[in-house]
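Structure file model_37.cif; described as mmCIF, N, CA and C atoms.
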```cif
data_input
loop_
_atom_site.label_atom_id
_atom_site.label_comp_id
_atom_site.auth_asym_id
_atom_site.auth_seq_id
_atom_site.Cartn_x
_atom_site.Cartn_y
_atom_site.Cartn_z
N MET A 77 0.83 -1.20 0.00
CA MET A 77 0.00 0.00 0.00
C MET A 77 0.87 1.26 0.00
N ARG A 78 1.93 1.25 0.81
CA ARG A 78 2.78 2.45 0.88
C ARG A 78 3.50 2.70 -0.44
N LEU A 79 3.90 1.64 -1.12
CA LEU A 79 4.54 1.81 -2.43
C LEU A 79 3.55 2.43 -3.41
N THR A 80 2.31 2.00 -3.38
CA THR A 80 1.29 2.56 -4.25
C THR A 80 1.09 4.04 -3.97
N LEU A 81 1.03 4.42 -2.70
CA LEU A 81 0.88 5.82 -2.34
C LEU A 81 2.10 6.63 -2.76
N PHE A 82 3.29 6.05 -2.58
CA PHE A 82 4.51 6.72 -2.99
C PHE A 82 4.48 6.98 -4.50
N LEU A 83 4.10 5.98 -5.28
CA LEU A 83 4.04 6.12 -6.73
C LEU A 83 2.96 7.12 -7.15
N LEU A 84 1.84 7.12 -6.45
CA LEU A 84 0.78 8.10 -6.73
C LEU A 84 1.30 9.51 -6.49
N GLY A 85 1.98 9.70 -5.37
CA GLY A 85 2.56 11.01 -5.07
C GLY A 85 3.55 11.44 -6.13
N ALA A 86 4.40 10.51 -6.58
CA ALA A 86 5.38 10.82 -7.62
C ALA A 86 4.68 11.17 -8.93
N GLY A 87 3.58 10.47 -9.21
CA GLY A 87 2.83 10.75 -10.42
C GLY A 87 2.17 12.11 -10.41
N ILE A 88 1.96 12.66 -9.25
CA ILE A 88 1.41 14.02 -9.12
C ILE A 88 2.55 15.04 -9.08
N GLY A 89 3.64 14.70 -8.41
CA GLY A 89 4.76 15.63 -8.24
C GLY A 89 5.46 15.99 -9.53
N ALA A 90 5.72 15.01 -10.38
CA ALA A 90 6.46 15.26 -11.62
C ALA A 90 5.70 16.22 -12.55
N PRO A 91 4.41 16.00 -12.83
CA PRO A 91 3.71 16.96 -13.68
C PRO A 91 3.58 18.34 -13.03
N THR A 92 3.48 18.37 -11.71
CA THR A 92 3.41 19.66 -11.00
C THR A 92 4.69 20.44 -11.22
N ARG A 93 5.84 19.75 -11.09
CA ARG A 93 7.14 20.39 -11.32
C ARG A 93 7.20 20.92 -12.74
N TYR A 94 6.81 20.10 -13.70
CA TYR A 94 6.87 20.51 -15.10
C TYR A 94 6.03 21.77 -15.34
N LEU A 95 4.81 21.78 -14.84
CA LEU A 95 3.93 22.93 -15.07
C LEU A 95 4.44 24.20 -14.41
N ILE A 96 4.94 24.08 -13.18
CA ILE A 96 5.49 25.26 -12.49
C ILE A 96 6.71 25.78 -13.24
N ASP A 97 7.60 24.89 -13.63
CA ASP A 97 8.80 25.30 -14.35
C ASP A 97 8.46 25.94 -15.69
N ARG A 98 7.55 25.35 -16.44
CA ARG A 98 7.16 25.91 -17.74
C ARG A 98 6.56 27.31 -17.57
N PHE A 99 5.72 27.49 -16.56
CA PHE A 99 5.09 28.78 -16.32
C PHE A 99 6.14 29.87 -16.12
N PHE A 100 7.13 29.61 -15.30
CA PHE A 100 8.13 30.63 -15.00
C PHE A 100 9.18 30.79 -16.10
N ARG A 101 9.48 29.75 -16.85
CA ARG A 101 10.46 29.86 -17.94
C ARG A 101 9.95 30.72 -19.08
N ILE A 102 8.65 30.79 -19.23
CA ILE A 102 8.08 31.63 -20.28
C ILE A 102 8.33 33.11 -19.98
N ALA A 103 8.28 33.48 -18.72
CA ALA A 103 8.34 34.89 -18.35
C ALA A 103 9.72 35.37 -17.89
N TYR A 104 10.60 34.48 -17.44
CA TYR A 104 11.85 34.91 -16.83
C TYR A 104 13.04 34.15 -17.38
N GLN A 105 14.19 34.84 -17.42
CA GLN A 105 15.44 34.19 -17.81
C GLN A 105 15.95 33.30 -16.68
N PHE A 106 15.82 33.78 -15.45
CA PHE A 106 16.28 33.01 -14.30
C PHE A 106 15.33 31.83 -14.07
N PRO A 107 15.84 30.65 -13.72
CA PRO A 107 14.98 29.47 -13.54
C PRO A 107 14.23 29.47 -12.20
N TYR A 108 13.31 30.41 -12.07
CA TYR A 108 12.53 30.52 -10.83
C TYR A 108 11.71 29.27 -10.55
N GLY A 109 11.20 28.63 -11.59
CA GLY A 109 10.37 27.45 -11.39
C GLY A 109 11.12 26.34 -10.67
N VAL A 110 12.35 26.07 -11.09
CA VAL A 110 13.16 25.03 -10.44
C VAL A 110 13.47 25.43 -9.00
N LEU A 111 13.79 26.69 -8.79
CA LEU A 111 14.06 27.18 -7.44
C LEU A 111 12.83 27.00 -6.54
N ILE A 112 11.67 27.35 -7.04
CA ILE A 112 10.43 27.25 -6.27
C ILE A 112 10.13 25.80 -5.91
N VAL A 113 10.22 24.89 -6.87
CA VAL A 113 9.89 23.49 -6.56
C VAL A 113 10.91 22.88 -5.61
N ASN A 114 12.18 23.25 -5.76
CA ASN A 114 13.19 22.71 -4.85
C ASN A 114 12.99 23.21 -3.42
N VAL A 115 12.69 24.48 -3.26
CA VAL A 115 12.47 25.04 -1.93
C VAL A 115 11.18 24.49 -1.33
N LEU A 116 10.12 24.45 -2.10
CA LEU A 116 8.85 23.94 -1.61
C LEU A 116 8.96 22.46 -1.22
N GLY A 117 9.58 21.68 -2.07
CA GLY A 117 9.76 20.26 -1.77
C GLY A 117 10.62 20.05 -0.54
N SER A 118 11.67 20.85 -0.38
CA SER A 118 12.53 20.74 0.79
C SER A 118 11.76 21.07 2.07
N PHE A 119 10.92 22.09 1.99
CA PHE A 119 10.11 22.47 3.15
C PHE A 119 9.16 21.35 3.54
N ILE A 120 8.45 20.81 2.56
CA ILE A 120 7.49 19.74 2.85
C ILE A 120 8.23 18.51 3.41
N LEU A 121 9.37 18.17 2.82
CA LEU A 121 10.14 17.03 3.33
C LEU A 121 10.60 17.28 4.76
N GLY A 122 10.96 18.51 5.08
CA GLY A 122 11.31 18.84 6.46
C GLY A 122 10.15 18.63 7.40
N LEU A 123 8.96 18.99 6.96
CA LEU A 123 7.77 18.82 7.79
C LEU A 123 7.46 17.35 8.08
N ILE A 124 7.72 16.49 7.11
CA ILE A 124 7.29 15.10 7.24
C ILE A 124 8.44 14.12 7.45
N ALA A 125 9.64 14.61 7.66
CA ALA A 125 10.84 13.76 7.68
C ALA A 125 10.76 12.60 8.66
N THR A 126 10.09 12.75 9.75
CA THR A 126 10.04 11.69 10.75
C THR A 126 8.75 10.89 10.69
N GLY A 127 7.91 11.15 9.70
CA GLY A 127 6.62 10.48 9.63
C GLY A 127 6.69 9.08 9.05
N GLU A 128 5.72 8.28 9.42
CA GLU A 128 5.63 6.90 8.93
C GLU A 128 4.21 6.55 8.51
N SER A 129 3.34 7.52 8.39
CA SER A 129 1.96 7.22 8.01
C SER A 129 1.83 7.11 6.50
N ASN A 130 0.68 6.68 6.05
CA ASN A 130 0.43 6.59 4.61
C ASN A 130 0.49 7.96 3.94
N LEU A 131 0.03 8.99 4.63
CA LEU A 131 0.10 10.34 4.08
C LEU A 131 1.54 10.75 3.83
N GLU A 132 2.43 10.42 4.76
CA GLU A 132 3.84 10.77 4.57
C GLU A 132 4.43 10.06 3.36
N PHE A 133 4.06 8.82 3.13
CA PHE A 133 4.59 8.11 1.96
C PHE A 133 4.07 8.74 0.67
N LEU A 134 2.83 9.19 0.66
CA LEU A 134 2.30 9.92 -0.49
C LEU A 134 3.11 11.19 -0.72
N LEU A 135 3.40 11.91 0.37
CA LEU A 135 4.15 13.16 0.26
C LEU A 135 5.61 12.93 -0.08
N PHE A 136 6.21 11.84 0.40
CA PHE A 136 7.59 11.51 0.03
C PHE A 136 7.69 11.34 -1.48
N GLY A 137 6.76 10.62 -2.05
CA GLY A 137 6.75 10.43 -3.50
C GLY A 137 6.53 11.74 -4.23
N PHE A 138 5.59 12.54 -3.73
CA PHE A 138 5.30 13.84 -4.34
C PHE A 138 6.54 14.73 -4.32
N CYS A 139 7.17 14.85 -3.16
CA CYS A 139 8.33 15.74 -3.03
C CYS A 139 9.53 15.23 -3.81
N GLY A 140 9.71 13.91 -3.83
CA GLY A 140 10.82 13.35 -4.59
C GLY A 140 10.71 13.65 -6.07
N ALA A 141 9.50 13.61 -6.59
CA ALA A 141 9.29 13.89 -8.00
C ALA A 141 9.17 15.39 -8.26
N LEU A 142 8.74 16.15 -7.27
CA LEU A 142 8.60 17.59 -7.43
C LEU A 142 9.96 18.27 -7.50
N THR A 143 10.85 17.91 -6.59
CA THR A 143 12.18 18.52 -6.58
C THR A 143 13.01 17.93 -7.70
N THR A 144 14.03 18.67 -8.12
CA THR A 144 14.79 18.21 -9.27
C THR A 144 16.25 18.59 -9.19
N TRP A 145 17.09 17.58 -9.18
CA TRP A 145 18.53 17.82 -9.25
C TRP A 145 18.95 17.98 -10.71
N SER A 146 18.36 17.20 -11.60
CA SER A 146 18.79 17.21 -13.00
C SER A 146 18.52 18.55 -13.69
N ALA A 147 17.33 19.10 -13.51
CA ALA A 147 17.03 20.39 -14.13
C ALA A 147 17.89 21.50 -13.51
N PHE A 148 18.12 21.42 -12.22
CA PHE A 148 18.98 22.38 -11.53
C PHE A 148 20.40 22.31 -12.10
N ALA A 149 20.94 21.10 -12.26
CA ALA A 149 22.29 20.93 -12.81
C ALA A 149 22.36 21.43 -14.25
N LEU A 150 21.34 21.15 -15.05
CA LEU A 150 21.32 21.61 -16.43
C LEU A 150 21.26 23.14 -16.49
N ASP A 151 20.47 23.74 -15.62
CA ASP A 151 20.42 25.20 -15.56
C ASP A 151 21.78 25.79 -15.21
N LEU A 152 22.47 25.17 -14.26
CA LEU A 152 23.81 25.64 -13.91
C LEU A 152 24.76 25.53 -15.09
N PHE A 153 24.68 24.43 -15.82
CA PHE A 153 25.52 24.25 -17.00
C PHE A 153 25.22 25.35 -18.03
N ASP A 154 23.97 25.66 -18.23
CA ASP A 154 23.58 26.70 -19.19
C ASP A 154 24.03 28.09 -18.75
N GLU A 155 24.20 28.29 -17.44
CA GLU A 155 24.57 29.60 -16.90
C GLU A 155 26.08 29.76 -16.70
N ARG A 156 26.87 28.80 -17.15
CA ARG A 156 28.31 28.83 -16.89
C ARG A 156 28.99 30.06 -17.47
N GLY A 157 28.41 30.69 -18.48
CA GLY A 157 28.98 31.90 -19.06
C GLY A 157 28.61 33.17 -18.33
N ASN A 158 27.72 33.06 -17.35
CA ASN A 158 27.27 34.22 -16.57
C ASN A 158 27.53 33.93 -15.09
N PRO A 159 28.72 34.28 -14.59
CA PRO A 159 29.08 33.91 -13.22
C PRO A 159 28.10 34.41 -12.15
N LYS A 160 27.55 35.59 -12.33
CA LYS A 160 26.62 36.13 -11.33
C LYS A 160 25.34 35.29 -11.28
N LEU A 161 24.77 35.01 -12.43
CA LEU A 161 23.55 34.20 -12.49
C LEU A 161 23.82 32.78 -11.98
N PHE A 162 24.97 32.25 -12.34
CA PHE A 162 25.37 30.92 -11.88
C PHE A 162 25.42 30.88 -10.35
N ALA A 163 26.08 31.87 -9.75
CA ALA A 163 26.23 31.91 -8.29
C ALA A 163 24.89 32.10 -7.59
N VAL A 164 24.06 32.99 -8.11
CA VAL A 164 22.75 33.22 -7.50
C VAL A 164 21.92 31.94 -7.55
N ASN A 165 21.94 31.25 -8.68
CA ASN A 165 21.17 30.02 -8.80
C ASN A 165 21.73 28.93 -7.89
N LEU A 166 23.03 28.75 -7.89
CA LEU A 166 23.66 27.71 -7.07
C LEU A 166 23.40 27.94 -5.59
N PHE A 167 23.76 29.10 -5.11
CA PHE A 167 23.61 29.36 -3.68
C PHE A 167 22.15 29.58 -3.28
N GLY A 168 21.35 30.11 -4.18
CA GLY A 168 19.93 30.28 -3.89
C GLY A 168 19.25 28.94 -3.66
N ASN A 169 19.49 27.99 -4.55
CA ASN A 169 18.88 26.66 -4.39
C ASN A 169 19.37 25.98 -3.13
N TYR A 170 20.67 26.00 -2.89
CA TYR A 170 21.20 25.32 -1.71
C TYR A 170 20.79 26.00 -0.42
N LEU A 171 20.99 27.29 -0.33
CA LEU A 171 20.68 27.99 0.93
C LEU A 171 19.18 28.01 1.22
N LEU A 172 18.39 28.35 0.22
CA LEU A 172 16.95 28.40 0.44
C LEU A 172 16.37 26.99 0.65
N GLY A 173 16.89 26.01 -0.08
CA GLY A 173 16.41 24.64 0.09
C GLY A 173 16.73 24.08 1.46
N VAL A 174 17.96 24.24 1.90
CA VAL A 174 18.34 23.76 3.23
C VAL A 174 17.60 24.56 4.30
N GLY A 175 17.50 25.86 4.11
CA GLY A 175 16.76 26.69 5.06
C GLY A 175 15.30 26.28 5.16
N ALA A 176 14.68 26.00 4.02
CA ALA A 176 13.27 25.58 4.02
C ALA A 176 13.11 24.24 4.72
N ALA A 177 14.05 23.31 4.49
CA ALA A 177 13.98 22.01 5.17
C ALA A 177 14.13 22.18 6.68
N LEU A 178 15.04 23.04 7.09
CA LEU A 178 15.24 23.28 8.52
C LEU A 178 14.01 23.91 9.16
N ILE A 179 13.40 24.84 8.46
CA ILE A 179 12.17 25.46 8.97
C ILE A 179 11.07 24.40 9.09
N GLY A 180 10.95 23.55 8.07
CA GLY A 180 9.97 22.47 8.12
C GLY A 180 10.21 21.54 9.30
N LEU A 181 11.47 21.17 9.54
CA LEU A 181 11.81 20.34 10.69
C LEU A 181 11.47 21.05 12.00
N TRP A 182 11.78 22.32 12.07
CA TRP A 182 11.52 23.10 13.29
C TRP A 182 10.01 23.17 13.56
N ILE A 183 9.22 23.41 12.53
CA ILE A 183 7.76 23.49 12.69
C ILE A 183 7.19 22.14 13.13
N SER A 184 7.73 21.06 12.58
CA SER A 184 7.16 19.74 12.86
C SER A 184 7.46 19.23 14.26
N ARG A 185 8.35 19.86 14.96
CA ARG A 185 8.69 19.38 16.33
C ARG A 185 7.90 20.05 17.36
#
```

So, in terms of structure tokens, how does the structure I just supplied come out?
Amino acid sequence: MRLTLFLLGAGIGAPTRYLIDRFFRIAYQFPYGVLIVNVLGSFILGLIATGESNLEFLLFGFCGALTTWSAFALDLFDERGNPKLFAVNLFGNYLLGVGAALIGLWISR
């Protein structure tokens, strides 16, 4: 049952990531969509990190598919000619993502 919920969550998370990313890529040069999904997913994972219920397994799948290392890495590769944009994207994703996860952990305790 938990595997089914995990897969259901992943099936919702991946299209959600795609739609958010597409929406922001149309309007902005900076990859705000990837930043948003990574920070949001990190926050949710922080909230549920110690959970073992069926809801948590649904959310683990959702967050795993929502967040994206591959699109983030590709964006960094594309920004290699613009050191400022590269640095903002790199440190923004890491700092905001870790910060969001820590806030989620703090709230959940």

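Between atom C of Leu83 of chain A and atom CA of Leu134 of chain A the separation is 7.3 Å.
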
Could you work out how far atom CA of Asp151 of chain A lies from atom CA of Gly137 of chain A, giving the answer in Å with one decimal? 23.5 Å

Closest of A:Val115, A:Ile96, A:Pro107, A:Gly175 to Leu150 of chain A - atom-to-atom distances counting only C-alpha atoms: A:Pro107

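As for atom C of Tyr94 of chain A and atom C of Ala125 of chain A, they are spaced 26.1 Å apart.
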
Counting only N, CA and C atoms, the option among A:Cys139, A:Thr144, A:Thr126, A:Leu84 closest to Val110 of chain A: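 Among the listed residues, A:Thr144 lies closest to Val110 of chain A.
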
Give me the residues within 8 Å of Leu81 of chain A as a PyMOL selection string, counting all atoms listed in the file and dropping any in the same chain fewer than 3 places off. chain A and resi 77-78+84-87+130-138

If you count only C-alpha atoms, the residue of A:Pro159, A:Gly140, A:Leu166, A:Ala103 closest to Leu116 of chain A turns out to be A:Gly140

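Residue nearest Leu152 of chain A within the list A:Leu111, A:Ile120, A:Ile179, A:Leu172: A:Leu111 [criterion: smallest interatomic distance, only C-alpha atoms].
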
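Residue nearest Ile88 of chain A within the list A:Leu142, A:Phe153, A:Asn165, A:Tyr170: A:Leu142 [criterion: smallest interatomic distance, only N, CA and C atoms].
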
Between A:Leu178, A:Ala90, A:Ile183, A:Leu161, single out the one closest to Thr143 of chain A, counting all atoms listed in the file.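 Looking at the shortest contact to Thr143 of chain A, the residue is A:Ala90.
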
As a ChimeraX atom specification, please: all residues of chain A that backbone DSSP puts in helix (DSSP H, G or I). /A:78-103,108-124,130-142,145-154,159-184

Show me, as AutoDock Vina command-line options, the centre and edge lengths in Å to one decimal of the axis-aligned box that covers every listed atom of segment 154-161 of chain A with 4 Å on each side.
```
--center_x 26.3 --center_y 30.9 --center_z -15.2 --size_x 13.5 --size_y 18.5 --size_z 15.9
```

Please reconstruct the missing atoms of segment 90-110 of chain A (target: N, CA, C and O atoms) and return them as a short mmCIF file (atom, residue, chain, number, x, y, z; two decimals), in the coordinates of the input.
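The file below, selection17.cif, is the result:
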```cif
data_model
loop_
_atom_site.label_atom_id
_atom_site.label_comp_id
_atom_site.auth_asym_id
_atom_site.auth_seq_id
_atom_site.Cartn_x
_atom_site.Cartn_y
_atom_site.Cartn_z
N ALA A 90 5.72 15.01 -10.38
CA ALA A 90 6.46 15.26 -11.62
C ALA A 90 5.70 16.22 -12.55
O ALA A 90 6.29 17.19 -13.04
N PRO A 91 4.41 16.00 -12.83
CA PRO A 91 3.71 16.96 -13.68
C PRO A 91 3.58 18.34 -13.03
O PRO A 91 3.61 19.36 -13.72
N THR A 92 3.48 18.37 -11.71
CA THR A 92 3.41 19.66 -11.00
C THR A 92 4.69 20.44 -11.22
O THR A 92 4.67 21.63 -11.52
N ARG A 93 5.84 19.75 -11.09
CA ARG A 93 7.14 20.39 -11.32
C ARG A 93 7.20 20.92 -12.74
O ARG A 93 7.61 22.06 -12.99
N TYR A 94 6.81 20.10 -13.70
CA TYR A 94 6.87 20.51 -15.10
C TYR A 94 6.03 21.77 -15.34
O TYR A 94 6.49 22.71 -15.99
N LEU A 95 4.81 21.78 -14.84
CA LEU A 95 3.93 22.93 -15.07
C LEU A 95 4.44 24.20 -14.41
O LEU A 95 4.40 25.28 -15.00
N ILE A 96 4.94 24.08 -13.18
CA ILE A 96 5.49 25.26 -12.49
C ILE A 96 6.71 25.78 -13.24
O ILE A 96 6.85 26.99 -13.48
N ASP A 97 7.60 24.89 -13.63
CA ASP A 97 8.80 25.30 -14.35
C ASP A 97 8.46 25.94 -15.69
O ASP A 97 9.01 26.98 -16.04
N ARG A 98 7.55 25.35 -16.44
CA ARG A 98 7.16 25.91 -17.74
C ARG A 98 6.56 27.31 -17.57
O ARG A 98 6.84 28.20 -18.36
N PHE A 99 5.72 27.49 -16.56
CA PHE A 99 5.09 28.78 -16.32
C PHE A 99 6.14 29.87 -16.12
O PHE A 99 6.05 30.95 -16.72
N PHE A 100 7.13 29.61 -15.30
CA PHE A 100 8.13 30.63 -15.00
C PHE A 100 9.18 30.79 -16.10
O PHE A 100 9.71 31.87 -16.28
N ARG A 101 9.48 29.75 -16.85
CA ARG A 101 10.46 29.86 -17.94
C ARG A 101 9.95 30.72 -19.08
O ARG A 101 10.75 31.31 -19.81
N ILE A 102 8.65 30.79 -19.23
CA ILE A 102 8.08 31.63 -20.28
C ILE A 102 8.33 33.11 -19.98
O ILE A 102 8.62 33.90 -20.87
N ALA A 103 8.28 33.48 -18.72
CA ALA A 103 8.34 34.89 -18.35
C ALA A 103 9.72 35.37 -17.89
O ALA A 103 9.98 36.57 -17.95
N TYR A 104 10.60 34.48 -17.44
CA TYR A 104 11.85 34.91 -16.83
C TYR A 104 13.04 34.15 -17.38
O TYR A 104 12.95 32.98 -17.70
N GLN A 105 14.19 34.84 -17.42
CA GLN A 105 15.44 34.19 -17.81
C GLN A 105 15.95 33.30 -16.68
O GLN A 105 16.45 32.21 -16.91
N PHE A 106 15.82 33.78 -15.45
CA PHE A 106 16.28 33.01 -14.30
C PHE A 106 15.33 31.83 -14.07
O PHE A 106 14.11 31.99 -14.17
N PRO A 107 15.84 30.65 -13.72
CA PRO A 107 14.98 29.47 -13.54
C PRO A 107 14.23 29.47 -12.20
O PRO A 107 14.46 28.64 -11.32
N TYR A 108 13.31 30.41 -12.07
CA TYR A 108 12.53 30.52 -10.83
C TYR A 108 11.71 29.27 -10.55
O TYR A 108 11.51 28.90 -9.40
N GLY A 109 11.20 28.63 -11.59
CA GLY A 109 10.37 27.45 -11.39
C GLY A 109 11.12 26.34 -10.67
O GLY A 109 10.59 25.74 -9.73
N VAL A 110 12.35 26.07 -11.09
CA VAL A 110 13.16 25.03 -10.44
C VAL A 110 13.47 25.43 -9.00
O VAL A 110 13.39 24.61 -8.08
#
```
